[in-house]
Amino acid sequence: MALKLDRREFLKSGMLSTAALVAGGSASLLLPRELSADPIPDVVIVYGNDPANMARSAVDALGGIKSFVKPGNKVFIKPNMSFARKPGSGCNTNPLVVREIARLAAEAGAAKISILDNVLNNPSDCLSMSQIPALCQDIPNTVVNHVRAERLFREVKLPQGTKMKSMQALGDALDADVLISVPVGKSHSSAGVSLSMKGMMGLVHDRVSFHSRYELHEAIVDMVTVLKPHLVVIDGTRILSTGGPGGPGKVIPLNCVVASTDMVAADAQMLALGTWYERKFEPTQVKHIKRAAERGLGRLDLGNLNVKTVKS
Amino acid sequence: MTGFQRRTQTVTFVLFLGLLLLAAYPYQDGLMADLFLRMDPLAVVGTILAAREFAVALVPGLFVLAVALVAGRLFCGHICPMGTTIDLGERVVTPKKKPASRDNSYEATTRYRNWKYIALAVILSAGVGGVSLVHLGSPLSLVTRFYGLVAWPLTLRVGELGLQGLAPVLDRFPMLASAQIAQRVSATNLFVAGLFVGIVLLASVQPRFWCRNLCPAGGLMGLFSRKPLMRRQVSDSCNGCGRCVRECPTSAILEEPAGTVHSECIVCLHCVEICPQSAVSFTWGAAPAQVSAPPSPDLTRRALVLSLGSGIVTAGLLRTGIQQPRALGRDKPLVDEDLIRPPGAVPELEFLTRCIRCGECMKACATNTLQPVWLMAGLEGIFTPAMAPRLAACAINCTVCGRVCPTGAIRDLPLIEKQHVKVGTAWIERRNCLVWEQDKKCLVCDECCPYNAVSFRSVPERKNAVPFVVGNRCTGCGWCENKCPVEGKSAIRVNIIGEVRLASGSYVEKAAEYGLVFKASDNKADRLAPDTFIQRDPHQGPALLPDSPAPPADELPPGFITK
């Protein structure tokens with residue numbers, strides 16, 4: 001069937017479609033996130049039942065591991081494995097999540113993957129009960145260990161520190177090309193919650209001074225001005241809702257993983273998702289999250305962030 | 001040193017060091033890590049006298065004395081690690097020079113010989129007086145203390161420094177780059193090292209100066225080997241060349257080489273091996289001595305009475321000094337409140353008579369909390385073990401100190417018994433406490449207590465609930481004192497209050513009798529470290545005492561702030 005158009009109609013429809021295209025095009029220029037095909041969110045929440053799959057999906061949603069790890073990079077992964085507790089206790093990061101992140105780093109061609117923590121309980125028990133070394137032993141170029149010997153740490157200046165001006169931090173973490181924080185969501189009797197920022201204290205040698213010399217929350221923020229992760233993947237497969245950091249306490253399955261390149265946003269999102277001591281809290285109720293945002297290290301205004309929820 | 005002796009010494013020395021190394025957690029059932037200590041005749045006889053009790057564990061030392069009757073001071077020449085160490089040290093400190101025959105004969109070297117008998121008389125008579133001075137002279141006590149408390153931490157330190165030095169190389173092997181050697185520290189180590197080095201250095205005056213002149217255990221064996229059944233014999237083929245006289249390490253041979261002072265001979269067999277005429281042998285001694293030996297010990301009656309008397313008087317002085325464990329007429333001991341003895345230590349007075357200060361328990365201690373004390377327990381208690389909880393706490397699942405104690409000063413308790421020993425009670429030092437003094441929020445002592453013995457209570461004039469110790473739940477293990485976050489001295493300290501020490505009988509039953517409620521987990525089955533414990537009851541914020549008013553309903557959980 002032949003299409004019959006007169007000149008007037010042709011022009012009319014042509015103008016309209018042009019106008020629509022122009023309007024649409026300019027709108028997409030003004031609001032790129034809403035219309036582009038696959039935007040990178042600020043925070044991603046992946047729900048599911050397979051921790052490894054969830055961790056992988058979370059990293060993929062943030063642009064994939066290759067946007068973080070380049071071939072030949074030294075990658076440092078900071079889990080929670082400070083306590084001689086089994087994974088179900090919620091005191092340590094789910095070893096399946098840690099393994100998946102290490103696998104991703106290895107796939108991206110990392111030359112060296114360090115999974116280290118300055119543990120609080122008996123070192124060999126922390127390592128064995130966390131199950132992280134056992135699960136990661138087949139990943140190439142990967143070392144899992146506790147770190148306590150002073151020679152492994154070195155003094156680092158904190159130019160942006162407001163109170164703490166220097167600290168003894170783990171050399172491997174300072175030298176890493178990519179720092180990935182893989183904490184578990186858990187309550188903490190001094191810090192409120194222990195997430196990606198508080199977890200970085202596991203890379204510090206003289207951390208007693210955080211409690212004694214400085215105000216804990218301010219010192220945490222000073223610390224993360226330097227020990228600032230490039231990528232945060234918080235294990236929320238289950239959280240330790242009370243009794244943290246060492247437990248025992250109430251363990252709540254959230255069946256999720258929260259990831260972001262913004263440590264403050266990741267911590268804020270995990271805090272908001274979880275129930276702590278039978279209550280809900282806002283990010284501003286944890287002082288180190290609040291202060292980190294105030295000091296421009298990240299954002300906690302979850303309502304204004306692009307939070308992507310994924311089912312895996 | 002001869003070929004044969006070098007071989008036996010190598011074997012026994014390696015065995016000694018191996019057993020000392022294995023005196024650690026986890027302890028192998030059936031292992032006798034303290035075997036060498038129990039072979040020391042002075043440690044054994046001195047302890048039996050001072051403690052007025054015989055224990056089967058002490059048989060090896062009596063056996064060594066019995067051997068002395070048959071074969072002389074074999075122990076000194078082949079088994080004693082002190083002797084081996086001195087032989088090793090002598091190669092370092094003395095130039096190779098053989099004294100002329102006359103200078104090394106027994107007659108020419110009698111000057112200090114009696115000192116060991118004097119020391120023996122003092123130590124044994126002090127034992128009769130009820131005070132153990134064994135640690136001053138027992139070679140095994142001295143040598144174990146040295147290797148366990150000085151050499152072992154030093155070795156670990158050198159290992160760690162080695163790793164540090166090798167760091168550039170190790171960096172190429174990721175698994176090795178973060179390899180670490182757990183370090184240990186010990187009190188009094190500089191003094192113990194100095195004393196020990198002094199003993200070895202004396203070898204530059206005379207070979208084996210300690211063994212021939214000072215060692216009271218050697219003196220005791222000497223008394224038993226004045227004429228051992230198997231002893232040095234010289235046949236007629238001796239041409240009197242005197243080589244054996246020149247080279248005898250303890251100068252036990254007379255100027256006339258056929259004559260031997262058997263109580264000075266350590267049966268090293270060097271004279272047998274070097275004799276050009278093959279005239280020397282150690283055989284069953286039926287033949288009468290060809291040369292009559294001078295008397296040994298050569299003590300005047302006056303010297304003997306004076307030494308015996310000074311031992312008794314020393315014992316008496318210690319027993320009438322103010323720091324003795326139980327002052328006469330008092331039912332309360334005058335003891336330093338920080339003197340926390342290892343779990344299972346027998347009552348103090350008995351403990352002091354039994355402890356030979358060998359340091360085996362402190363070497364073995366899983367956490368390094370056991371440390372030798374200086375004068376905290378009085379002069380009499382120098383080098384005895386006490387817990388240093390600020391340094392490390394007592395591991396809940398460890399019984400190793402009692403297992404390796406050679407004299408039963410610390411009882412060898414089953415785990416369940418040990419977990420019911422109350423070594424003291426934690427005490428809040430309010431002026432140091434972040435909560436009490438500064439009204440800060442801190443729960444560390446509650447969180448780390450394996451026995452759930454710290455509870456919190458709301459009090460007037462404090463925003464935050466403050467910690468209290470529930471005395472009958474506290475064993476005094478020291479975890480709270482160790483973990484308390486304040487700098488310097490802990491705000492919660494174990495002191496001697498409520499300490500329970502039983503010479504015999506069950507701690508479990510005694511705990512029940514005293515109303516003590518100790519609930520700790522047994523992690524042995526899980527093959528965990530002894531200081532790993534898993535609390536069963538979940539924490540729900542601070543544990544509040546029953547009579548404490550409930551906290552306000554709107555109180556925020558720890559670490560959170562208002563919006």
# chains A, B, ... in the order shown; residues from 1 in each chain; ligands from 1
>>> select_by_dssp(residues="range 127-329 of chain B", states="alpha helix (DSSP H)", output="ChimeraX atom specification")
/B:127-128,134-137,139-145,152-165,167-170,174-177,189-201,209,216-224,243-247,270-274,301-320
>>> closest_atom_pairs(of="chain A", to="chain B", cutoff="6 Å", atoms="only C-alpha atoms", output="Markdown table")
| residue | atom | partner | partner_atom | distance |
| --- | --- | --- | --- | --- |
| A:Val143 | CA | B:Met175 | CA | 5.7 |
| A:Ser189 | CA | B:Pro558 | CA | 5.1 |
| A:Ser190 | CA | B:Gly559 | CA | 4.7 |
| A:Ala191 | CA | B:Gly559 | CA | 4.6 |
| A:Gly192 | CA | B:Gly559 | CA | 3.7 |
| A:Gly243 | CA | B:His539 | CA | 4.9 |
| A:Pro248 | CA | B:Pro538 | CA | 4.6 |
| A:Gly249 | CA | B:Pro538 | CA | 4.7 |
| A:Thr284 | CA | B:Lys563 | CA | 6.0 |
| A:Gln285 | CA | B:Ile561 | CA | 4.9 |
| A:Val286 | CA | B:Phe560 | CA | 5.3 |
>>> atom_distance(atom1="CA of Leu35 in chain B", atom2="CA of Arg501 in chain B")
25.6 Å
>>> residues_around(residues="range 335-338 of chain B", least_positions_apart="5", cutoff="7 Å", atoms="only C-alpha atoms", output="ChimeraX atom specification")
/B:325,376-377,495-496
>>> atom_distance(atom1="CA of Leu31 in chain B", atom2="CA of Leu370 in chain B")
21.2 Å
>>> atom_distance(atom1="CA of Ala55 in chain B", atom2="CA of Phe351 in chain B")
14.3 Å
>>> residues_around(residues="Asp267 in chain A", least_positions_apart="6", cutoff="9 Å", atoms="only C-alpha atoms", output="list in words")
Gly185, Val193, Ser194, Leu195, Ser196, Met197, Val232, Ile234, Val258, Pro283, Ile289 and Leu300 of chain A
>>> write_last_selection(atoms="C-alpha atoms", output="compact mmCIF listing (two decimals), in the first residue's frame")
# COMPACT_ATOMS: atom_id res chain seq x y z
CA GLY A 185 28.28 -5.30 58.52
CA VAL A 193 28.98 0.13 63.65
CA SER A 194 32.14 -1.27 62.13
CA LEU A 195 32.00 -1.08 58.32
CA SER A 196 34.52 -0.11 55.65
CA MET A 197 35.96 2.92 57.43
CA VAL A 232 34.06 -1.08 48.98
CA ILE A 234 30.25 -4.75 52.35
CA VAL A 258 26.45 -3.32 49.35
CA PRO A 283 23.80 7.59 58.88
CA ILE A 289 30.14 8.44 59.03
CA LEU A 300 25.75 10.05 53.16
>>> residues_around(residues="Ala203 in chain B", least_positions_apart="5", cutoff="9 Å", atoms="only C-alpha atoms", output="JSON, numbers by chain")
{"B": [86, 87, 89, 90, 93, 94, 208, 209, 210]}
>>> write_last_selection(atoms="N, CA and C atoms", output="PDB file, in the first residue's frame")
ATOM      1  N   ILE B  86      79.359 -25.263  79.423  1.00  0.00           N
ATOM      2  CA  ILE B  86      80.659 -24.745  79.859  1.00  0.00           C
ATOM      3  C   ILE B  86      81.761 -25.243  78.929  1.00  0.00           C
ATOM      4  N   ASP B  87      81.681 -26.515  78.514  1.00  0.00           N
ATOM      5  CA  ASP B  87      82.675 -27.036  77.573  1.00  0.00           C
ATOM      6  C   ASP B  87      82.652 -26.258  76.266  1.00  0.00           C
ATOM      7  N   GLY B  89      81.512 -23.166  75.939  1.00  0.00           N
ATOM      8  CA  GLY B  89      81.949 -21.804  76.223  1.00  0.00           C
ATOM      9  C   GLY B  89      83.451 -21.713  76.388  1.00  0.00           C
ATOM     10  N   GLU B  90      84.026 -22.775  76.928  1.00  0.00           N
ATOM     11  CA  GLU B  90      85.456 -22.765  77.200  1.00  0.00           C
ATOM     12  C   GLU B  90      86.264 -22.622  75.911  1.00  0.00           C
ATOM     13  N   VAL B  93      86.292 -18.907  75.344  1.00  0.00           N
ATOM     14  CA  VAL B  93      86.919 -17.956  76.277  1.00  0.00           C
ATOM     15  C   VAL B  93      88.372 -18.281  76.614  1.00  0.00           C
ATOM     16  N   THR B  94      88.816 -19.512  76.394  1.00  0.00           N
ATOM     17  CA  THR B  94      90.200 -19.788  76.786  1.00  0.00           C
ATOM     18  C   THR B  94      91.066 -20.062  75.572  1.00  0.00           C
ATOM     19  N   ARG B 208      86.191 -25.994  83.360  1.00  0.00           N
ATOM     20  CA  ARG B 208      85.069 -26.445  84.178  1.00  0.00           C
ATOM     21  C   ARG B 208      85.178 -25.940  85.622  1.00  0.00           C
ATOM     22  N   PHE B 209      85.480 -24.670  85.745  1.00  0.00           N
ATOM     23  CA  PHE B 209      85.646 -24.082  87.090  1.00  0.00           C
ATOM     24  C   PHE B 209      84.404 -24.339  87.935  1.00  0.00           C
ATOM     25  N   TRP B 210      83.248 -24.116  87.314  1.00  0.00           N
ATOM     26  CA  TRP B 210      81.986 -24.318  88.034  1.00  0.00           C
ATOM     27  C   TRP B 210      81.865 -25.764  88.515  1.00  0.00           C
TER      28      TRP B 210
END
>>> residues_around(residues="Val272 in chain B", least_positions_apart="3", cutoff="9 Å", atoms="only C-alpha atoms", output="ChimeraX atom specification")
/B:232,244,268-269,275,278-282
>>> closest_residue(among="A:Ala102, A:Ile113, A:Val43, A:Lys78", to="Arg299 in chain A", atoms="only C-alpha atoms")
A:Val43
>>> residues_around(residues="Leu216 in chain A", least_positions_apart="4", cutoff="10 Å", atoms="only C-alpha atoms", output="list in words")
Ser190, Ala191, Lys198, Arg207, Val208, Ser209, Phe210, His211, Ser212, Ile220, Val221, Asp222, Lys287 and His288 of chain A; Gly559 of chain B
>>> write_last_selection(atoms="N, CA and C atoms", output="PDB file, in the first residue's frame")
ATOM      1  N   SER A 190      32.152   0.543  70.517  1.00  0.00           N
ATOM      2  CA  SER A 190      32.677   1.902  70.653  1.00  0.00           C
ATOM      3  C   SER A 190      32.341   2.765  69.450  1.00  0.00           C
ATOM      4  N   ALA A 191      32.296   2.165  68.268  1.00  0.00           N
ATOM      5  CA  ALA A 191      32.125   2.945  67.048  1.00  0.00           C
ATOM      6  C   ALA A 191      30.689   2.922  66.534  1.00  0.00           C
ATOM      7  N   LYS A 198      35.721   1.983  59.669  1.00  0.00           N
ATOM      8  CA  LYS A 198      36.242   1.482  60.941  1.00  0.00           C
ATOM      9  C   LYS A 198      37.150   0.281  60.705  1.00  0.00           C
ATOM     10  N   ARG A 207      46.985   1.180  67.057  1.00  0.00           N
ATOM     11  CA  ARG A 207      45.585   1.611  67.065  1.00  0.00           C
ATOM     12  C   ARG A 207      45.032   1.844  68.468  1.00  0.00           C
ATOM     13  N   VAL A 208      45.761   1.409  69.480  1.00  0.00           N
ATOM     14  CA  VAL A 208      45.282   1.689  70.838  1.00  0.00           C
ATOM     15  C   VAL A 208      45.121   3.190  71.037  1.00  0.00           C
ATOM     16  N   SER A 209      46.011   3.953  70.384  1.00  0.00           N
ATOM     17  CA  SER A 209      45.947   5.405  70.549  1.00  0.00           C
ATOM     18  C   SER A 209      44.654   5.983  69.967  1.00  0.00           C
ATOM     19  N   PHE A 210      44.018   5.261  69.068  1.00  0.00           N
ATOM     20  CA  PHE A 210      42.736   5.724  68.530  1.00  0.00           C
ATOM     21  C   PHE A 210      41.730   5.902  69.670  1.00  0.00           C
ATOM     22  N   HIS A 211      41.809   4.986  70.624  1.00  0.00           N
ATOM     23  CA  HIS A 211      40.880   5.033  71.753  1.00  0.00           C
ATOM     24  C   HIS A 211      41.386   5.958  72.845  1.00  0.00           C
ATOM     25  N   SER A 212      42.719   5.895  73.074  1.00  0.00           N
ATOM     26  CA  SER A 212      43.236   6.568  74.267  1.00  0.00           C
ATOM     27  C   SER A 212      43.654   8.008  73.986  1.00  0.00           C
ATOM     28  N   ILE A 220      39.215   7.814  63.229  1.00  0.00           N
ATOM     29  CA  ILE A 220      38.865   6.932  62.103  1.00  0.00           C
ATOM     30  C   ILE A 220      38.829   7.753  60.813  1.00  0.00           C
ATOM     31  N   VAL A 221      38.219   8.929  60.898  1.00  0.00           N
ATOM     32  CA  VAL A 221      38.117   9.760  59.695  1.00  0.00           C
ATOM     33  C   VAL A 221      39.499  10.237  59.262  1.00  0.00           C
ATOM     34  N   ASP A 222      40.338  10.616  60.233  1.00  0.00           N
ATOM     35  CA  ASP A 222      41.712  10.997  59.885  1.00  0.00           C
ATOM     36  C   ASP A 222      42.416   9.850  59.174  1.00  0.00           C
ATOM     37  N   LYS A 287      28.937   8.750  64.350  1.00  0.00           N
ATOM     38  CA  LYS A 287      29.700   9.997  64.250  1.00  0.00           C
ATOM     39  C   LYS A 287      30.771   9.945  63.166  1.00  0.00           C
ATOM     40  N   HIS A 288      31.432   8.785  63.003  1.00  0.00           N
ATOM     41  CA  HIS A 288      32.509   8.810  62.001  1.00  0.00           C
ATOM     42  C   HIS A 288      31.958   8.862  60.576  1.00  0.00           C
TER      43      HIS A 288
ATOM     44  N   GLY B 559      28.041   3.682  71.083  1.00  0.00           N
ATOM     45  CA  GLY B 559      28.684   4.170  69.869  1.00  0.00           C
ATOM     46  C   GLY B 559      27.799   5.035  68.996  1.00  0.00           C
TER      47      GLY B 559
END
>>> select_by_dssp(residues="range 133-356 of chain B", states="strand (DSSP E or B)", output="PyMOL selection string")
chain B and resi 230-234+253+260+280-284+345
>>> closest_residue(among="A:Asn73, A:Thr225, A:Ser128, A:Ser67", to="Arg291 in chain A", atoms="only C-alpha atoms")
A:Thr225
